[in-house]
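File shown: my_file_34.pdb (PDB, N, CA and C atoms).
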ATOM      1  N   MET A   1      -5.956-142.704 -16.965
ATOM      2  CA  MET A   1      -4.638-142.342 -17.417
ATOM      3  C   MET A   1      -3.937-141.565 -16.301
ATOM      4  N   ALA A   2      -2.697-141.889 -16.014
ATOM      5  CA  ALA A   2      -1.934-141.257 -14.946
ATOM      6  C   ALA A   2      -1.438-139.890 -15.409
ATOM      7  N   SER A   3      -1.236-139.006 -14.444
ATOM      8  CA  SER A   3      -0.746-137.674 -14.798
ATOM      9  C   SER A   3       0.715-137.744 -15.223
ATOM     10  N   ALA A   4       1.166-136.728 -15.881
ATOM     11  CA  ALA A   4       2.518-136.700 -16.423
ATOM     12  C   ALA A   4       3.570-136.717 -15.332
ATOM     13  N   CYS A   5       3.244-136.284 -14.120
ATOM     14  CA  CYS A   5       4.264-136.267 -13.084
ATOM     15  C   CYS A   5       4.014-137.342 -12.037
ATOM     16  N   GLY A   6       3.211-138.332 -12.358
ATOM     17  CA  GLY A   6       3.030-139.494 -11.495
ATOM     18  C   GLY A   6       2.379-139.191 -10.169
ATOM     19  N   GLY A   7       1.509-138.236 -10.125
ATOM     20  CA  GLY A   7       0.786-137.933  -8.885
ATOM     21  C   GLY A   7       1.566-137.040  -7.941
ATOM     22  N   GLY A   8       2.785-136.652  -8.296
ATOM     23  CA  GLY A   8       3.578-135.806  -7.408
ATOM     24  C   GLY A   8       3.693-134.380  -7.903
ATOM     25  N   CYS A   9       2.731-133.930  -8.676
ATOM     26  CA  CYS A   9       2.787-132.572  -9.216
ATOM     27  C   CYS A   9       2.574-131.560  -8.090
ATOM     28  N   PRO A  10       3.356-130.494  -8.125
ATOM     29  CA  PRO A  10       3.116-129.445  -7.122
ATOM     30  C   PRO A  10       1.792-128.748  -7.416
ATOM     31  N   ASN A  11       1.249-128.148  -6.379
ATOM     32  CA  ASN A  11       0.017-127.381  -6.552
ATOM     33  C   ASN A  11       0.275-126.227  -7.514
ATOM     34  N   PRO A  12      -0.701-125.878  -8.335
ATOM     35  CA  PRO A  12      -0.496-124.736  -9.233
ATOM     36  C   PRO A  12      -0.256-123.470  -8.429
ATOM     37  N   LYS A  13       0.471-122.544  -9.029
ATOM     38  CA  LYS A  13       0.760-121.284  -8.343
ATOM     39  C   LYS A  13      -0.549-120.535  -8.104
ATOM     40  N   PRO A  14      -0.702-120.023  -6.889
ATOM     41  CA  PRO A  14      -1.925-119.243  -6.632
ATOM     42  C   PRO A  14      -1.879-117.941  -7.421
ATOM     43  N   THR A  15      -3.030-117.526  -7.851
ATOM     44  CA  THR A  15      -3.084-116.261  -8.571
ATOM     45  C   THR A  15      -2.995-115.129  -7.556
ATOM     46  N   PRO A  16      -2.145-114.157  -7.832
ATOM     47  CA  PRO A  16      -2.014-113.052  -6.875
ATOM     48  C   PRO A  16      -3.296-112.227  -6.832
ATOM     49  N   THR A  17      -3.631-111.777  -5.651
ATOM     50  CA  THR A  17      -4.806-110.919  -5.490
ATOM     51  C   THR A  17      -4.332-109.522  -5.131
ATOM     52  N   THR A  18      -5.050-108.561  -5.608
ATOM     53  CA  THR A  18      -4.718-107.176  -5.302
ATOM     54  C   THR A  18      -5.367-106.829  -3.979
ATOM     55  N   PRO A  19      -4.564-106.373  -3.018
ATOM     56  CA  PRO A  19      -5.164-105.998  -1.736
ATOM     57  C   PRO A  19      -6.069-104.791  -1.924
ATOM     58  N   PRO A  20      -7.108-104.671  -1.100
ATOM     59  CA  PRO A  20      -7.993-103.511  -1.228
ATOM     60  C   PRO A  20      -7.222-102.232  -0.952
ATOM     61  N   THR A  21      -7.601-101.171  -1.624
ATOM     62  CA  THR A  21      -6.961 -99.883  -1.402
ATOM     63  C   THR A  21      -7.392 -99.368  -0.041
ATOM     64  N   PRO A  22      -6.421 -99.101   0.824
ATOM     65  CA  PRO A  22      -6.809 -98.630   2.157
ATOM     66  C   PRO A  22      -7.366 -97.217   2.090
ATOM     67  N   ARG A  23      -8.343 -96.964   2.952
ATOM     68  CA  ARG A  23      -8.862 -95.604   3.045
ATOM     69  C   ARG A  23      -7.814 -94.745   3.726
ATOM     70  N   PRO A  24      -7.623 -93.527   3.232
ATOM     71  CA  PRO A  24      -6.650 -92.667   3.888
ATOM     72  C   PRO A  24      -7.053 -92.434   5.337
ATOM     73  N   THR A  25      -6.101 -92.537   6.205
ATOM     74  CA  THR A  25      -6.370 -92.288   7.616
ATOM     75  C   THR A  25      -5.350 -91.289   8.121
ATOM     76  N   GLY A  26      -5.650 -90.696   9.193
ATOM     77  CA  GLY A  26      -4.733 -89.742   9.789
ATOM     78  C   GLY A  26      -5.321 -89.241  11.093
ATOM     79  N   LYS A  27      -4.525 -88.501  11.790
ATOM     80  CA  LYS A  27      -4.973 -87.918  13.042
ATOM     81  C   LYS A  27      -4.768 -86.421  12.944
ATOM     82  N   CYS A  28      -5.579 -85.702  13.670
ATOM     83  CA  CYS A  28      -5.449 -84.252  13.693
ATOM     84  C   CYS A  28      -4.456 -83.875  14.795
ATOM     85  N   PRO A  29      -3.320 -83.305  14.405
ATOM     86  CA  PRO A  29      -2.310 -82.970  15.406
ATOM     87  C   PRO A  29      -2.542 -81.623  16.104
ATOM     88  N   ILE A  30      -3.650 -80.952  15.778
ATOM     89  CA  ILE A  30      -3.929 -79.661  16.418
ATOM     90  C   ILE A  30      -5.263 -79.730  17.148
ATOM     91  N   ASP A  31      -5.472 -78.819  18.061
ATOM     92  CA  ASP A  31      -6.715 -78.745  18.831
ATOM     93  C   ASP A  31      -7.831 -78.278  17.896
ATOM     94  N   ALA A  32      -8.818 -79.137  17.712
ATOM     95  CA  ALA A  32      -9.906 -78.831  16.778
ATOM     96  C   ALA A  32     -10.659 -77.562  17.177
ATOM     97  N   LEU A  33     -10.664 -77.211  18.440
ATOM     98  CA  LEU A  33     -11.356 -75.986  18.869
ATOM     99  C   LEU A  33     -10.738 -74.745  18.236
ATOM    100  N   LYS A  34      -9.453 -74.801  17.926
ATOM    101  CA  LYS A  34      -8.796 -73.661  17.289
ATOM    102  C   LYS A  34      -9.333 -73.425  15.878
ATOM    103  N   LEU A  35      -9.969 -74.441  15.310
ATOM    104  CA  LEU A  35     -10.461 -74.325  13.941
ATOM    105  C   LEU A  35     -11.741 -73.503  13.843
ATOM    106  N   GLY A  36     -12.211 -72.996  14.959
ATOM    107  CA  GLY A  36     -13.357 -72.090  14.931
ATOM    108  C   GLY A  36     -13.086 -70.874  14.061
ATOM    109  N   VAL A  37     -11.806 -70.523  13.881
ATOM    110  CA  VAL A  37     -11.461 -69.387  13.022
ATOM    111  C   VAL A  37     -11.810 -69.667  11.565
ATOM    112  N   CYS A  38     -12.053 -70.937  11.238
ATOM    113  CA  CYS A  38     -12.403 -71.288   9.854
ATOM    114  C   CYS A  38     -13.872 -70.988   9.546
ATOM    115  N   ALA A  39     -14.662 -70.670  10.573
ATOM    116  CA  ALA A  39     -16.087 -70.408  10.369
ATOM    117  C   ALA A  39     -16.312 -69.222   9.436
ATOM    118  N   ASP A  40     -15.559 -68.139   9.626
ATOM    119  CA  ASP A  40     -15.737 -66.958   8.779
ATOM    120  C   ASP A  40     -15.365 -67.265   7.332
ATOM    121  N   VAL A  41     -14.290 -68.014   7.157
ATOM    122  CA  VAL A  41     -13.865 -68.380   5.806
ATOM    123  C   VAL A  41     -14.963 -69.174   5.125
ATOM    124  N   LEU A  42     -15.486 -70.162   5.827
ATOM    125  CA  LEU A  42     -16.523 -71.012   5.250
ATOM    126  C   LEU A  42     -17.803 -70.222   4.995
ATOM    127  N   ALA A  43     -18.175 -69.360   5.924
ATOM    128  CA  ALA A  43     -19.384 -68.550   5.734
ATOM    129  C   ALA A  43     -19.247 -67.682   4.488
ATOM    130  N   ASN A  44     -18.073 -67.092   4.300
ATOM    131  CA  ASN A  44     -17.851 -66.266   3.106
ATOM    132  C   ASN A  44     -17.909 -67.115   1.847
ATOM    133  N   LEU A  45     -17.346 -68.305   1.893
ATOM    134  CA  LEU A  45     -17.358 -69.182   0.723
ATOM    135  C   LEU A  45     -18.773 -69.644   0.396
ATOM    136  N   LEU A  46     -19.551 -69.982   1.415
ATOM    137  CA  LEU A  46     -20.905 -70.487   1.200
ATOM    138  C   LEU A  46     -21.865 -69.382   0.758
ATOM    139  N   ASN A  47     -21.630 -68.163   1.217
ATOM    140  CA  ASN A  47     -22.500 -67.046   0.838
ATOM    141  C   ASN A  47     -22.043 -66.389  -0.448
ATOM    142  N   LEU A  48     -20.964 -66.878  -1.017
ATOM    143  CA  LEU A  48     -20.428 -66.382  -2.283
ATOM    144  C   LEU A  48     -20.240 -64.874  -2.272
ATOM    145  N   LYS A  49     -19.667 -64.376  -1.173
ATOM    146  CA  LYS A  49     -19.391 -62.947  -1.088
ATOM    147  C   LYS A  49     -18.288 -62.598  -2.071
ATOM    148  N   LEU A  50     -18.369 -61.384  -2.603
ATOM    149  CA  LEU A  50     -17.360 -60.940  -3.553
ATOM    150  C   LEU A  50     -16.044 -60.688  -2.833
ATOM    151  N   GLY A  51     -14.981 -60.878  -3.566
ATOM    152  CA  GLY A  51     -13.655 -60.706  -2.988
ATOM    153  C   GLY A  51     -13.195 -62.020  -2.387
ATOM    154  N   SER A  52     -11.994 -62.022  -1.932
ATOM    155  CA  SER A  52     -11.483 -63.257  -1.346
ATOM    156  C   SER A  52     -11.626 -63.202   0.162
ATOM    157  N   PRO A  53     -12.097 -64.289   0.748
ATOM    158  CA  PRO A  53     -12.270 -64.304   2.196
ATOM    159  C   PRO A  53     -10.914 -64.286   2.894
ATOM    160  N   PRO A  54     -10.866 -63.746   4.101
ATOM    161  CA  PRO A  54      -9.603 -63.734   4.844
ATOM    162  C   PRO A  54      -9.283 -65.146   5.338
ATOM    163  N   VAL A  55      -8.498 -65.858   4.561
ATOM    164  CA  VAL A  55      -8.247 -67.271   4.864
ATOM    165  C   VAL A  55      -7.061 -67.476   5.802
ATOM    166  N   GLN A  56      -6.282 -66.443   6.042
ATOM    167  CA  GLN A  56      -5.029 -66.595   6.772
ATOM    168  C   GLN A  56      -5.180 -67.273   8.137
ATOM    169  N   PRO A  57      -6.083 -66.828   9.019
ATOM    170  CA  PRO A  57      -6.123 -67.477  10.341
ATOM    171  C   PRO A  57      -6.443 -68.976  10.250
ATOM    172  N   CYS A  58      -7.355 -69.319   9.371
ATOM    173  CA  CYS A  58      -7.747 -70.729   9.220
ATOM    174  C   CYS A  58      -6.638 -71.527   8.551
ATOM    175  N   CYS A  59      -6.191 -71.038   7.419
ATOM    176  CA  CYS A  59      -5.206 -71.784   6.631
ATOM    177  C   CYS A  59      -3.873 -71.904   7.346
ATOM    178  N   SER A  60      -3.518 -70.910   8.150
ATOM    179  CA  SER A  60      -2.243 -70.992   8.863
ATOM    180  C   SER A  60      -2.251 -72.148   9.860
ATOM    181  N   LEU A  61      -3.443 -72.532  10.323
ATOM    182  CA  LEU A  61      -3.527 -73.678  11.242
ATOM    183  C   LEU A  61      -3.277 -75.000  10.530
ATOM    184  N   ILE A  62      -3.762 -75.122   9.294
ATOM    185  CA  ILE A  62      -3.659 -76.416   8.617
ATOM    186  C   ILE A  62      -2.526 -76.495   7.603
ATOM    187  N   ASN A  63      -1.949 -75.335   7.227
ATOM    188  CA  ASN A  63      -0.800 -75.386   6.328
ATOM    189  C   ASN A  63       0.348 -76.095   7.040
ATOM    190  N   GLY A  64       1.038 -76.900   6.319
ATOM    191  CA  GLY A  64       2.119 -77.680   6.907
ATOM    192  C   GLY A  64       1.668 -79.088   7.271
ATOM    193  N   LEU A  65       0.353 -79.299   7.309
ATOM    194  CA  LEU A  65      -0.162 -80.642   7.537
ATOM    195  C   LEU A  65      -0.268 -81.353   6.198
ATOM    196  N   VAL A  66      -0.134 -82.659   6.198
ATOM    197  CA  VAL A  66      -0.410 -83.388   4.971
ATOM    198  C   VAL A  66      -1.916 -83.306   4.735
ATOM    199  N   ASP A  67      -2.324 -83.501   3.486
ATOM    200  CA  ASP A  67      -3.728 -83.319   3.124
ATOM    201  C   ASP A  67      -4.675 -84.122   4.009
ATOM    202  N   VAL A  68      -4.309 -85.370   4.311
ATOM    203  CA  VAL A  68      -5.220 -86.211   5.096
ATOM    204  C   VAL A  68      -5.361 -85.679   6.521
ATOM    205  N   GLU A  69      -4.285 -85.142   7.099
ATOM    206  CA  GLU A  69      -4.377 -84.570   8.443
ATOM    207  C   GLU A  69      -5.259 -83.320   8.430
ATOM    208  N   ALA A  70      -5.062 -82.485   7.423
ATOM    209  CA  ALA A  70      -5.890 -81.281   7.310
ATOM    210  C   ALA A  70      -7.362 -81.663   7.164
ATOM    211  N   ALA A  71      -7.629 -82.676   6.351
ATOM    212  CA  ALA A  71      -9.013 -83.119   6.145
ATOM    213  C   ALA A  71      -9.612 -83.650   7.444
ATOM    214  N   VAL A  72      -8.849 -84.433   8.185
ATOM    215  CA  VAL A  72      -9.346 -84.987   9.457
ATOM    216  C   VAL A  72      -9.630 -83.860  10.440
ATOM    217  N   CYS A  73      -8.737 -82.873  10.512
ATOM    218  CA  CYS A  73      -8.950 -81.749  11.425
ATOM    219  C   CYS A  73     -10.229 -80.986  11.087
ATOM    220  N   LEU A  74     -10.396 -80.680   9.798
ATOM    221  CA  LEU A  74     -11.585 -79.932   9.397
ATOM    222  C   LEU A  74     -12.848 -80.758   9.545
ATOM    223  N   CYS A  75     -12.762 -82.063   9.275
ATOM    224  CA  CYS A  75     -13.923 -82.944   9.492
ATOM    225  C   CYS A  75     -14.358 -82.898  10.947
ATOM    226  N   THR A  76     -13.386 -82.985  11.824
ATOM    227  CA  THR A  76     -13.685 -82.973  13.259
ATOM    228  C   THR A  76     -14.395 -81.682  13.635
ATOM    229  N   ALA A  77     -13.890 -80.564  13.137
ATOM    230  CA  ALA A  77     -14.494 -79.268  13.454
ATOM    231  C   ALA A  77     -15.898 -79.160  12.884
ATOM    232  N   ILE A  78     -16.078 -79.608  11.641
ATOM    233  CA  ILE A  78     -17.385 -79.509  10.994
ATOM    234  C   ILE A  78     -18.399 -80.421  11.690
ATOM    235  N   LYS A  79     -18.010 -81.666  11.944
ATOM    236  CA  LYS A  79     -18.942 -82.620  12.541
ATOM    237  C   LYS A  79     -19.283 -82.269  13.979
ATOM    238  N   ALA A  80     -18.353 -81.659  14.694
ATOM    239  CA  ALA A  80     -18.606 -81.266  16.084
ATOM    240  C   ALA A  80     -19.322 -79.922  16.161
ATOM    241  N   ASN A  81     -19.600 -79.339  14.991
ATOM    242  CA  ASN A  81     -20.259 -78.045  14.893
ATOM    243  C   ASN A  81     -19.474 -76.953  15.616
ATOM    244  N   ILE A  82     -18.149 -77.124  15.647
ATOM    245  CA  ILE A  82     -17.291 -76.112  16.255
ATOM    246  C   ILE A  82     -17.403 -74.802  15.484
ATOM    247  N   LEU A  83     -17.681 -74.912  14.197
ATOM    248  CA  LEU A  83     -17.762 -73.714  13.376
ATOM    249  C   LEU A  83     -19.071 -72.951  13.597
ATOM    250  N   GLY A  84     -20.024 -73.572  14.306
ATOM    251  CA  GLY A  84     -21.244 -72.872  14.678
ATOM    252  C   GLY A  84     -22.344 -72.839  13.628
ATOM    253  N   ILE A  85     -22.184 -73.587  12.545
ATOM    254  CA  ILE A  85     -23.223 -73.628  11.517
ATOM    255  C   ILE A  85     -23.413 -75.061  11.060
ATOM    256  N   ASN A  86     -24.657 -75.416  10.737
ATOM    257  CA  ASN A  86     -24.921 -76.757  10.224
ATOM    258  C   ASN A  86     -24.494 -76.815   8.767
ATOM    259  N   LEU A  87     -23.730 -77.832   8.432
ATOM    260  CA  LEU A  87     -23.093 -77.874   7.126
ATOM    261  C   LEU A  87     -23.236 -79.213   6.441
ATOM    262  N   ASN A  88     -23.115 -79.183   5.123
ATOM    263  CA  ASN A  88     -22.945 -80.393   4.330
ATOM    264  C   ASN A  88     -21.465 -80.714   4.422
ATOM    265  N   VAL A  89     -21.118 -81.786   5.126
ATOM    266  CA  VAL A  89     -19.724 -82.062   5.448
ATOM    267  C   VAL A  89     -18.838 -82.196   4.206
ATOM    268  N   PRO A  90     -19.182 -83.041   3.214
ATOM    269  CA  PRO A  90     -18.272 -83.175   2.071
ATOM    270  C   PRO A  90     -18.048 -81.868   1.307
ATOM    271  N   VAL A  91     -19.111 -81.096   1.103
ATOM    272  CA  VAL A  91     -18.989 -79.837   0.367
ATOM    273  C   VAL A  91     -18.173 -78.831   1.173
ATOM    274  N   SER A  92     -18.485 -78.687   2.442
ATOM    275  CA  SER A  92     -17.779 -77.732   3.293
ATOM    276  C   SER A  92     -16.306 -78.083   3.407
ATOM    277  N   LEU A  93     -16.026 -79.354   3.571
ATOM    278  CA  LEU A  93     -14.649 -79.804   3.688
ATOM    279  C   LEU A  93     -13.868 -79.471   2.426
ATOM    280  N   SER A  94     -14.446 -79.766   1.288
ATOM    281  CA  SER A  94     -13.788 -79.500   0.017
ATOM    282  C   SER A  94     -13.552 -78.003  -0.176
ATOM    283  N   LEU A  95     -14.546 -77.172   0.148
ATOM    284  CA  LEU A  95     -14.403 -75.717   0.020
ATOM    285  C   LEU A  95     -13.265 -75.178   0.884
ATOM    286  N   LEU A  96     -13.237 -75.622   2.133
ATOM    287  CA  LEU A  96     -12.193 -75.134   3.038
ATOM    288  C   LEU A  96     -10.806 -75.587   2.597
ATOM    289  N   LEU A  97     -10.687 -76.851   2.220
ATOM    290  CA  LEU A  97      -9.383 -77.340   1.779
ATOM    291  C   LEU A  97      -8.915 -76.587   0.537
ATOM    292  N   ASN A  98      -9.815 -76.376  -0.413
ATOM    293  CA  ASN A  98      -9.454 -75.632  -1.627
ATOM    294  C   ASN A  98      -9.029 -74.201  -1.302
ATOM    295  N   ALA A  99      -9.727 -73.565  -0.384
ATOM    296  CA  ALA A  99      -9.387 -72.187  -0.013
ATOM    297  C   ALA A  99      -7.984 -72.111   0.586
ATOM    298  N   CYS A 100      -7.542 -73.204   1.188
ATOM    299  CA  CYS A 100      -6.222 -73.239   1.825
ATOM    300  C   CYS A 100      -5.185 -73.961   0.960
ATOM    301  N   ASN A 101      -5.508 -74.131  -0.327
ATOM    302  CA  ASN A 101      -4.590 -74.799  -1.268
ATOM    303  C   ASN A 101      -4.209 -76.210  -0.828
ATOM    304  N   GLN A 102      -5.157 -76.899  -0.220
ATOM    305  CA  GLN A 102      -4.977 -78.300   0.162
ATOM    306  C   GLN A 102      -5.909 -79.106  -0.733
ATOM    307  N   LYS A 103      -5.666 -80.387  -0.812
ATOM    308  CA  LYS A 103      -6.506 -81.255  -1.637
ATOM    309  C   LYS A 103      -7.200 -82.295  -0.770
ATOM    310  N   LEU A 104      -8.429 -82.606  -1.153
ATOM    311  CA  LEU A 104      -9.158 -83.675  -0.482
ATOM    312  C   LEU A 104      -8.571 -84.986  -0.970
ATOM    313  N   PRO A 105      -8.033 -85.814  -0.068
ATOM    314  CA  PRO A 105      -7.439 -87.080  -0.503
ATOM    315  C   PRO A 105      -8.456 -87.948  -1.215
ATOM    316  N   SER A 106      -8.022 -88.631  -2.251
ATOM    317  CA  SER A 106      -8.897 -89.507  -3.023
ATOM    318  C   SER A 106      -9.505 -90.571  -2.128
ATOM    319  N   GLY A 107     -10.820 -90.715  -2.196
ATOM    320  CA  GLY A 107     -11.513 -91.726  -1.399
ATOM    321  C   GLY A 107     -11.700 -91.356   0.070
ATOM    322  N   PHE A 108     -11.313 -90.147   0.451
ATOM    323  CA  PHE A 108     -11.412 -89.756   1.857
ATOM    324  C   PHE A 108     -12.855 -89.585   2.272
ATOM    325  N   GLN A 109     -13.184 -90.135   3.435
ATOM    326  CA  GLN A 109     -14.491 -89.918   4.058
ATOM    327  C   GLN A 109     -14.242 -89.517   5.491
ATOM    328  N   CYS A 110     -15.012 -88.556   5.963
ATOM    329  CA  CYS A 110     -14.838 -88.133   7.346
ATOM    330  C   CYS A 110     -15.025 -89.304   8.288
ATOM    331  N   PRO A 111     -14.110 -89.415   9.241
ATOM    332  CA  PRO A 111     -14.245 -90.528  10.216
ATOM    333  C   PRO A 111     -15.422 -90.320  11.139
TER     334      PRO A 111
END

Rewrite the structure from the file as structure tokens, please.
Amino acid sequence: MASACGGGCPNPKPTPTTPPTPRPTGKCPIDALKLGVCADVLANLLNLKLGSPPVQPCCSLINGLVDVEAAVCLCTAIKANILGINLNVPVSLSLLLNACNQKLPSGFQCP
């Protein structure tokens, strides 16, 4: 039996596919060596010292950056051991960003 359009039917419409969600990317616009000032903040956070750690020197460096840039900068400092202590990168990154009122971007992984 012949088709209803006599063999000249157009191809069916392709089903749209959802592109994969891109991983957040960014570059650190500041010198990662300057982030050594974040070591004291992180040490205080990790040792759970009472009171609030002096976050100003560290946070003033990353405030004004979008979250992904701040995360990339801190990742670079943590992974390069600029802060001078061996760290769990995801936990340390999250602690520092939270202390500076920044958020870890969804799905972010240190480059």

Picked residues, the PyMOL selection byres ((chain A and resi 57) around 8), as a VMD selection string: chain A and resid 34 to 38 54 to 56 58 to 62

Two-atom distance - atom N of A:Asn44, atom CA of A:Gly26 (Å):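 Between atom N of A:Asn44 and atom CA of A:Gly26 the gap works out to 26.9 Å.
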
Six-sided padding of 6 Å per side, axis-aligned box over stretch 55-62 of chain A, centre and edges in Å, one decimal, as AutoDock Vina command-line options:
--center_x -5.4 --center_y -71.2 --center_z 7.9 --size_x 18.3 --size_y 22.6 --size_z 18.7

Residues matched by the PyMOL selection byres ((chain A and resi 68) around 8), written as an MDAnalysis selection string: chainID A and resid 24:28 65:67 69:74 103:105 108

One-decimal distance in Å that lies between atom CA of A:Asn63 and atom C of A:Asn101: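 These atoms are spaced 8.0 Å apart.
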
Coordinates-based distance that separates atom CA of A:Leu46 from atom C of A:Gly64 (Å, one decimal): 24.9 Å
